[in-house]
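Visitor: Hey, dropping upload09.csv in here, CSV, C-alpha atoms:
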```csv
chain,number,residue,atom,x,y,z
A,27,MET,CA,0.0,0.0,0.0
A,28,THR,CA,1.4,3.4,-0.9
A,29,PRO,CA,2.0,6.0,1.8
A,30,VAL,CA,-0.8,8.2,0.4
A,31,LYS,CA,-3.3,5.3,0.4
A,32,ARG,CA,-2.2,4.2,3.8
A,33,ASN,CA,-2.7,7.6,5.3
A,34,ALA,CA,-6.1,7.8,3.7
A,35,VAL,CA,-7.1,4.5,5.2
A,36,ILE,CA,-5.8,5.5,8.7
A,37,SER,CA,-7.6,8.8,8.4
A,38,ALA,CA,-10.9,7.0,7.7
A,39,VAL,CA,-10.2,4.8,10.7
A,40,VAL,CA,-9.8,7.8,13.0
A,41,VAL,CA,-13.0,9.5,11.8
A,42,ALA,CA,-14.8,6.2,12.2
A,43,ALA,CA,-13.4,5.7,15.7
A,44,PHE,CA,-14.6,9.0,16.9
A,45,GLY,CA,-17.9,8.5,15.2
A,46,VAL,CA,-18.3,5.2,17.1
A,47,ALA,CA,-17.2,6.9,20.3
A,48,VAL,CA,-20.2,9.2,20.1
A,49,VAL,CA,-22.5,6.2,19.9
A,50,VAL,CA,-20.6,4.5,22.8
A,51,ALA,CA,-21.1,7.7,24.8
A,52,SER,CA,-24.8,7.6,24.3
A,53,LEU,CA,-24.9,3.9,25.4
A,54,THR,CA,-22.8,4.7,28.4
A,55,LEU,CA,-25.1,7.5,29.5
A,56,GLY,CA,-28.1,5.2,28.9
A,57,ALA,CA,-26.5,2.7,31.2
A,58,GLY,CA,-26.5,5.2,34.0
A,59,ALA,CA,-22.7,5.8,34.0
A,60,THR,CA,-23.2,9.5,34.6
A,61,ASP,CA,-25.8,12.3,34.2
A,62,PRO,CA,-25.4,14.3,30.9
A,63,ALA,CA,-25.4,17.5,32.9
A,64,ASP,CA,-22.4,16.3,34.9
A,65,ALA,CA,-20.6,15.0,31.8
A,66,ALA,CA,-20.2,18.1,29.8
A,67,GLU,CA,-17.0,18.4,27.8
A,68,PRO,CA,-14.5,20.6,29.8
A,69,ALA,CA,-13.5,23.8,28.2
A,70,ALA,CA,-10.1,23.8,26.4
A,71,GLY,CA,-7.3,24.0,28.9
A,72,ALA,CA,-9.6,23.4,31.8
A,73,ALA,CA,-9.4,19.6,32.0
A,74,SER,CA,-6.5,19.4,34.5
A,75,ALA,CA,-8.4,21.7,36.8
A,76,ILE,CA,-11.5,19.5,36.9
A,77,GLY,CA,-9.9,16.3,37.9
A,78,PRO,CA,-6.6,14.3,38.0
A,79,LEU,CA,-5.5,13.6,34.5
A,80,VAL,CA,-2.2,11.7,35.1
A,81,ARG,CA,-1.5,10.1,38.5
A,82,ALA,CA,1.8,8.8,39.8
A,83,ASP,CA,0.7,5.2,39.0
A,84,SER,CA,-0.8,5.9,35.6
A,85,HIS,CA,0.6,3.6,32.9
A,86,ARG,CA,2.7,4.8,30.0
A,87,LEU,CA,3.4,3.1,26.7
A,88,GLY,CA,7.0,2.9,25.6
A,89,GLN,CA,9.8,5.2,26.7
A,90,ALA,CA,9.2,8.4,28.5
A,91,GLY,CA,9.0,11.6,26.5
A,92,THR,CA,10.5,15.0,27.2
A,93,GLY,CA,7.5,16.2,29.2
A,94,LYS,CA,6.6,18.9,26.6
A,95,ALA,CA,3.8,16.7,25.1
A,96,VAL,CA,1.6,14.4,27.1
A,97,LEU,CA,-1.1,12.4,25.4
A,98,VAL,CA,-3.6,10.7,27.6
A,99,GLU,CA,-6.1,8.2,26.3
A,100,PHE,CA,-9.1,6.9,28.3
A,101,LEU,CA,-10.0,3.5,26.8
A,102,ASP,CA,-12.0,0.4,27.0
A,103,PHE,CA,-10.5,-2.8,25.6
A,104,GLU,CA,-13.9,-4.1,24.4
A,105,CYS,CA,-14.6,-0.9,22.6
A,106,GLU,CA,-14.5,-1.2,18.8
A,107,ALA,CA,-13.6,2.5,18.4
A,108,CYS,CA,-10.6,2.1,20.7
A,109,ARG,CA,-9.5,-0.9,18.6
A,110,ALA,CA,-9.9,1.2,15.5
A,111,ALA,CA,-7.7,4.0,17.1
A,112,TYR,CA,-5.1,1.5,18.3
A,113,PRO,CA,-3.0,1.3,15.1
A,114,VAL,CA,-3.1,5.0,14.8
A,115,VAL,CA,-1.7,5.5,18.3
A,116,GLU,CA,0.9,2.8,17.5
A,117,ASP,CA,2.0,4.7,14.4
A,118,LEU,CA,2.3,7.9,16.4
A,119,ARG,CA,4.2,6.2,19.1
A,120,THR,CA,6.8,5.0,16.5
A,121,LYS,CA,7.1,8.5,15.1
A,122,TYR,CA,7.2,10.3,18.4
A,123,ALA,CA,9.1,7.9,20.6
A,124,GLY,CA,11.0,9.7,23.3
A,125,LYS,CA,9.2,13.0,22.4
A,126,VAL,CA,5.6,12.3,23.6
A,127,ASP,CA,4.5,10.7,26.8
A,128,PHE,CA,1.7,8.2,25.9
A,129,VAL,CA,-0.4,7.7,29.0
A,130,VAL,CA,-3.2,5.1,29.2
A,131,ARG,CA,-6.2,5.3,31.6
A,132,TYR,CA,-8.9,2.6,32.0
A,133,PHE,CA,-12.5,3.6,31.3
A,134,PRO,CA,-14.5,0.4,31.0
A,135,ILE,CA,-18.0,1.0,29.6
A,136,PRO,CA,-20.8,-0.5,31.8
A,137,SER,CA,-22.6,-2.0,28.8
A,138,HIS,CA,-19.6,-4.1,27.8
A,139,ALA,CA,-19.8,-7.3,29.7
A,140,ASN,CA,-16.0,-8.0,29.7
A,141,ALA,CA,-14.6,-4.5,29.8
A,142,VAL,CA,-13.8,-4.7,33.5
A,143,ASN,CA,-12.5,-8.2,33.3
A,144,ALA,CA,-10.2,-7.2,30.5
A,145,ALA,CA,-8.9,-4.1,32.4
A,146,VAL,CA,-8.4,-6.2,35.5
A,147,ALA,CA,-6.4,-8.7,33.5
A,148,VAL,CA,-4.2,-5.9,32.0
A,149,GLU,CA,-3.7,-4.4,35.5
A,150,ALA,CA,-2.7,-7.8,36.9
A,151,ALA,CA,-0.2,-8.2,34.1
A,152,ALA,CA,1.1,-4.6,34.8
A,153,GLN,CA,1.9,-5.7,38.4
A,154,GLN,CA,4.4,-8.1,36.7
A,155,GLY,CA,5.8,-5.4,34.4
A,156,GLN,CA,3.8,-6.7,31.4
A,157,PHE,CA,1.3,-3.9,31.0
A,158,GLU,CA,2.1,-3.1,27.3
A,159,ALA,CA,2.3,-6.8,26.3
A,160,MET,CA,-1.2,-7.5,27.7
A,161,TYR,CA,-2.5,-4.1,26.4
A,162,LYS,CA,-1.5,-5.2,22.8
A,163,ARG,CA,-2.9,-8.7,23.3
A,164,MET,CA,-6.3,-7.4,24.2
A,165,TYR,CA,-6.6,-5.3,21.0
A,166,ASP,CA,-5.0,-7.9,18.8
A,167,THR,CA,-7.6,-10.5,19.9
A,168,GLN,CA,-10.6,-8.3,20.5
A,169,ASP,CA,-12.7,-9.8,17.8
A,170,GLN,CA,-12.3,-13.2,19.4
A,171,TRP,CA,-13.8,-12.4,22.8
A,172,SER,CA,-15.7,-9.0,22.6
A,173,GLU,CA,-19.5,-8.5,22.5
A,174,GLN,CA,-20.2,-11.7,24.4
A,175,GLN,CA,-22.1,-11.9,27.7
A,176,ASP,CA,-20.3,-14.8,29.4
A,177,SER,CA,-17.1,-14.0,31.3
A,178,LYS,CA,-13.9,-14.2,29.3
A,179,ALA,CA,-11.7,-14.2,32.4
A,180,SER,CA,-10.4,-17.6,31.5
A,181,VAL,CA,-9.4,-16.4,28.0
A,182,PHE,CA,-7.5,-13.5,29.5
A,183,ARG,CA,-5.8,-15.9,31.9
A,184,SER,CA,-4.6,-17.9,28.9
A,185,PHE,CA,-3.1,-14.6,27.6
A,186,ALA,CA,-1.2,-14.3,30.8
A,187,GLN,CA,0.1,-17.8,30.5
A,188,ASP,CA,1.2,-17.1,26.9
A,189,LEU,CA,3.2,-14.1,28.2
A,190,GLY,CA,4.9,-16.3,30.8
A,191,LEU,CA,3.6,-14.6,33.8
A,192,ASP,CA,3.7,-16.0,37.3
A,193,MET,CA,0.2,-17.5,37.3
A,194,ALA,CA,-0.1,-17.7,41.1
A,195,ALA,CA,0.7,-14.0,41.3
A,196,TYR,CA,-1.6,-13.2,38.4
A,197,ASP,CA,-4.5,-15.2,39.9
A,198,GLN,CA,-4.0,-13.4,43.3
A,199,ALA,CA,-4.0,-10.0,41.6
A,200,VAL,CA,-7.1,-10.7,39.6
A,201,ALA,CA,-8.9,-11.9,42.8
A,202,ASP,CA,-7.6,-8.9,44.9
A,203,PRO,CA,-10.3,-6.2,45.2
A,204,ALA,CA,-7.5,-3.6,45.1
A,205,THR,CA,-6.9,-4.5,41.4
A,206,ALA,CA,-10.5,-3.7,40.4
A,207,ALA,CA,-10.3,-0.6,42.6
A,208,ARG,CA,-7.3,0.6,40.6
A,209,VAL,CA,-9.3,0.2,37.4
A,210,GLU,CA,-12.3,2.0,38.9
A,211,LYS,CA,-10.1,4.8,40.1
A,212,ASP,CA,-9.2,5.6,36.5
A,213,ARG,CA,-12.8,5.4,35.5
A,214,GLN,CA,-13.8,7.8,38.2
A,215,ASP,CA,-11.0,10.2,37.2
A,216,GLY,CA,-12.4,10.1,33.7
A,217,LEU,CA,-15.9,10.9,34.8
A,218,ALA,CA,-14.6,13.8,36.8
A,219,LEU,CA,-12.8,15.1,33.7
A,220,GLY,CA,-16.0,14.9,31.6
A,221,VAL,CA,-15.2,11.7,29.7
A,222,GLN,CA,-18.4,10.3,28.2
A,223,GLY,CA,-17.2,7.6,25.9
A,224,THR,CA,-14.1,5.9,24.5
A,225,PRO,CA,-11.6,6.6,23.2
A,226,THR,CA,-11.2,10.1,24.7
A,227,PHE,CA,-7.9,11.9,24.3
A,228,PHE,CA,-6.3,14.7,26.2
A,229,LEU,CA,-3.2,16.5,24.9
A,230,ASN,CA,-1.4,18.6,27.5
A,231,GLY,CA,-4.4,18.8,29.7
A,232,SER,CA,-7.0,19.7,27.1
A,233,GLN,CA,-9.5,17.2,25.6
A,234,PHE,CA,-9.4,17.1,21.8
A,235,LYS,CA,-11.1,15.3,18.9
A,236,PRO,CA,-8.9,15.2,15.8
A,237,ALA,CA,-10.9,14.7,12.6
A,238,SER,CA,-8.0,13.0,10.8
A,239,VAL,CA,-4.7,11.4,11.3
A,240,GLN,CA,-3.1,14.5,9.8
A,241,GLU,CA,-4.8,16.7,12.4
A,242,PHE,CA,-3.9,14.3,15.2
A,243,GLU,CA,-0.2,14.3,14.2
A,244,ALA,CA,-0.2,18.1,13.6
A,245,GLN,CA,-1.3,18.7,17.1
A,246,LEU,CA,1.2,16.3,18.6
A,247,ALA,CA,3.9,18.0,16.5
A,248,ALA,CA,2.8,21.5,17.7
A,249,ALA,CA,3.0,20.3,21.3
A,250,VAL,CA,6.4,18.8,20.8
A,251,ASN,CA,7.8,21.8,19.1
A,252,GLY,CA,5.9,24.4,21.3
```
Using structure tokens, write down the structure that the file contains.
Guide:
Amino acid sequence: MTPVKRNAVISAVVVAAFGVAVVVASLTLGAGATDPADAAEPAAGAASAIGPLVRADSHRLGQAGTGKAVLVEFLDFECEACRAAYPVVEDLRTKYAGKVDFVVRYFPIPSHANAVNAAVAVEAAAQQGQFEAMYKRMYDTQDQWSEQQDSKASVFRSFAQDLGLDMAAYDQAVADPATAARVEKDRQDGLALGVQGTPTFFLNGSQFKPASVQEFEAQLAAAVNG
């Protein structure tokens, strides 16, 4: 695929991802996640004042950046829009490695039966230093386990085995209420920041909704060079 065609495809994916996010937001509100009046999008530059955007224990993808550009994504591993945005973020990570801090926050949608299970599995893997490996595994296999009502905890456990994790420690972490509480803490932070659906991105404290890959990258570049 030529670079031009490739960029066009990725741009279409980004637009589709944010389009689906709007639908997901409606489903989230319908499920009673938050009241619309309380979930209004924060004004530009005001996000960090509304609630904690990055905590000391927030997970980062890849190497640390310079601190000039911090991209935060609130995501749900069962969300199709998040899966659509995943390769876009991976591309940007490659281009801006060491320049942008890519921060991940959990935001499981209540209507997704295995969203919490998936986040807990990723968090349990993170406790063994395998956050990124499990993060990728969830998206790479999403079509195999998503949109199903029965628990896929055993499937996620098999991912942990494939990654060579200490399974006794993994099982203990999954069963520990503190692990689920860690996931819920991220979700509550998202609600405080006005997050309504996934994926939701913040760049240097302000929520933004790029309409294309080009706009996404342009804003990252401006932050890096600013």
Visitor: Show me, as JSON lines, the residues of range 102-144 of chain A having an atom within 10 Å of range 77-81 of chain A, each with the closest atom pair and its distance in Å, using only C-alpha atoms.
Guide:
```
{"residue": "A:Val129", "atom": "CA", "partner": "A:Val80", "partner_atom": "CA", "distance": 7.5}
{"residue": "A:Val130", "atom": "CA", "partner": "A:Val80", "partner_atom": "CA", "distance": 8.9}
{"residue": "A:Arg131", "atom": "CA", "partner": "A:Val80", "partner_atom": "CA", "distance": 8.3}
```
Visitor: Pick the closest to Lys162 in chain A from A:Ala247, A:Ala90, A:Leu118, A:Leu189: which is it, counting all atoms listed in the file?
Guide: A:Leu189
Visitor: Neighbours of range 204-206 of chain A within 12 Å (only C-alpha atoms; same-chain residues fewer than 5 positions away dropped), as a short mmCIF file (atom, residue, chain, number, x, y, z; two decimals) with C-alpha atoms, in the frame of the given file?
Guide:
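The new file part-v3.cif reads:
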```cif
data_model
loop_
_atom_site.label_atom_id
_atom_site.label_comp_id
_atom_site.auth_asym_id
_atom_site.auth_seq_id
_atom_site.Cartn_x
_atom_site.Cartn_y
_atom_site.Cartn_z
CA TYR A 132 -8.90 2.60 32.00
CA PHE A 133 -12.50 3.60 31.30
CA PRO A 134 -14.50 0.40 31.00
CA ALA A 141 -14.60 -4.50 29.80
CA VAL A 142 -13.80 -4.70 33.50
CA ASN A 143 -12.50 -8.20 33.30
CA ALA A 144 -10.20 -7.20 30.50
CA ALA A 145 -8.90 -4.10 32.40
CA VAL A 146 -8.40 -6.20 35.50
CA ALA A 147 -6.40 -8.70 33.50
CA VAL A 148 -4.20 -5.90 32.00
CA GLU A 149 -3.70 -4.40 35.50
CA ALA A 150 -2.70 -7.80 36.90
CA ALA A 151 -0.20 -8.20 34.10
CA ALA A 152 1.10 -4.60 34.80
CA GLN A 153 1.90 -5.70 38.40
CA TYR A 196 -1.60 -13.20 38.40
CA ASP A 197 -4.50 -15.20 39.90
CA GLN A 198 -4.00 -13.40 43.30
CA ALA A 199 -4.00 -10.00 41.60
CA LYS A 211 -10.10 4.80 40.10
CA ASP A 212 -9.20 5.60 36.50
CA ARG A 213 -12.80 5.40 35.50
#
```
Visitor: Suppose you want the space between CA of Trp171 in chain A and CA of Val114 in chain A; what is it in Å?
Guide: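 It comes out at 21.9 Å.
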Visitor: Using Å and a single decimal, report how far CA of Ala195 in chain A sits from CA of Gly88 in chain A.
Guide: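 Going from CA of Gly88 in chain A over to CA of Ala195 in chain A covers 23.9 Å.
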Visitor: Report the distance between CA of Ala95 in chain A and CA of Val115 in chain A in Å, rounded to one decimal place.
Guide: 14.2 Å
Visitor: What lies within 7 Å of Phe227 in chain A using all atoms listed in the file, ignoring chain neighbours under 2 positions off, as a PyMOL selection string?
Guide: chain A and resi 97-100+225+229+233-234
Visitor: Pick out the closest residue to Gly190 in chain A from this set: A:Gly155, A:Gly216, A:Gly252, A:Gly124. Count all atoms listed in the file.
Guide: A:Gly155
Visitor: Please determine, counting all atoms listed in the file, which residue among A:Tyr161, A:Ala201, A:His138, A:Ala249 has the shortest atom-to-atom distance to Gly93 in chain A.
Guide: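 Of A:Tyr161, A:Ala201, A:His138, A:Ala249, the one nearest Gly93 in chain A, counting all atoms listed in the file, is A:Ala249.
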Visitor: Closest to Lys121 in chain A among A:Ser172, A:Lys94, A:Ala159, A:Leu246, using all atoms listed in the file?
Guide: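 Of A:Ser172, A:Lys94, A:Ala159, A:Leu246, the one nearest Lys121 in chain A, counting all atoms listed in the file, is A:Leu246.
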Visitor: Show which residues sit within 10 Å of Gly91 in chain A, as a PyMOL selection string. Count all atoms listed in the file, and ignore same-chain residues fewer than 4 positions away.
Guide: chain A and resi 86+95-96+122-128+250
Visitor: Could those residues be written to a file, using C-alpha atoms, as a CSV table (one decimal), in the coordinates of the input?
Guide:
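Result file is selection34.csv:
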```csv
chain,number,residue,atom,x,y,z
A,86,ARG,CA,2.7,4.8,30.0
A,95,ALA,CA,3.8,16.7,25.1
A,96,VAL,CA,1.6,14.4,27.1
A,122,TYR,CA,7.2,10.3,18.4
A,123,ALA,CA,9.1,7.9,20.6
A,124,GLY,CA,11.0,9.7,23.3
A,125,LYS,CA,9.2,13.0,22.4
A,126,VAL,CA,5.6,12.3,23.6
A,127,ASP,CA,4.5,10.7,26.8
A,128,PHE,CA,1.7,8.2,25.9
A,250,VAL,CA,6.4,18.8,20.8
```
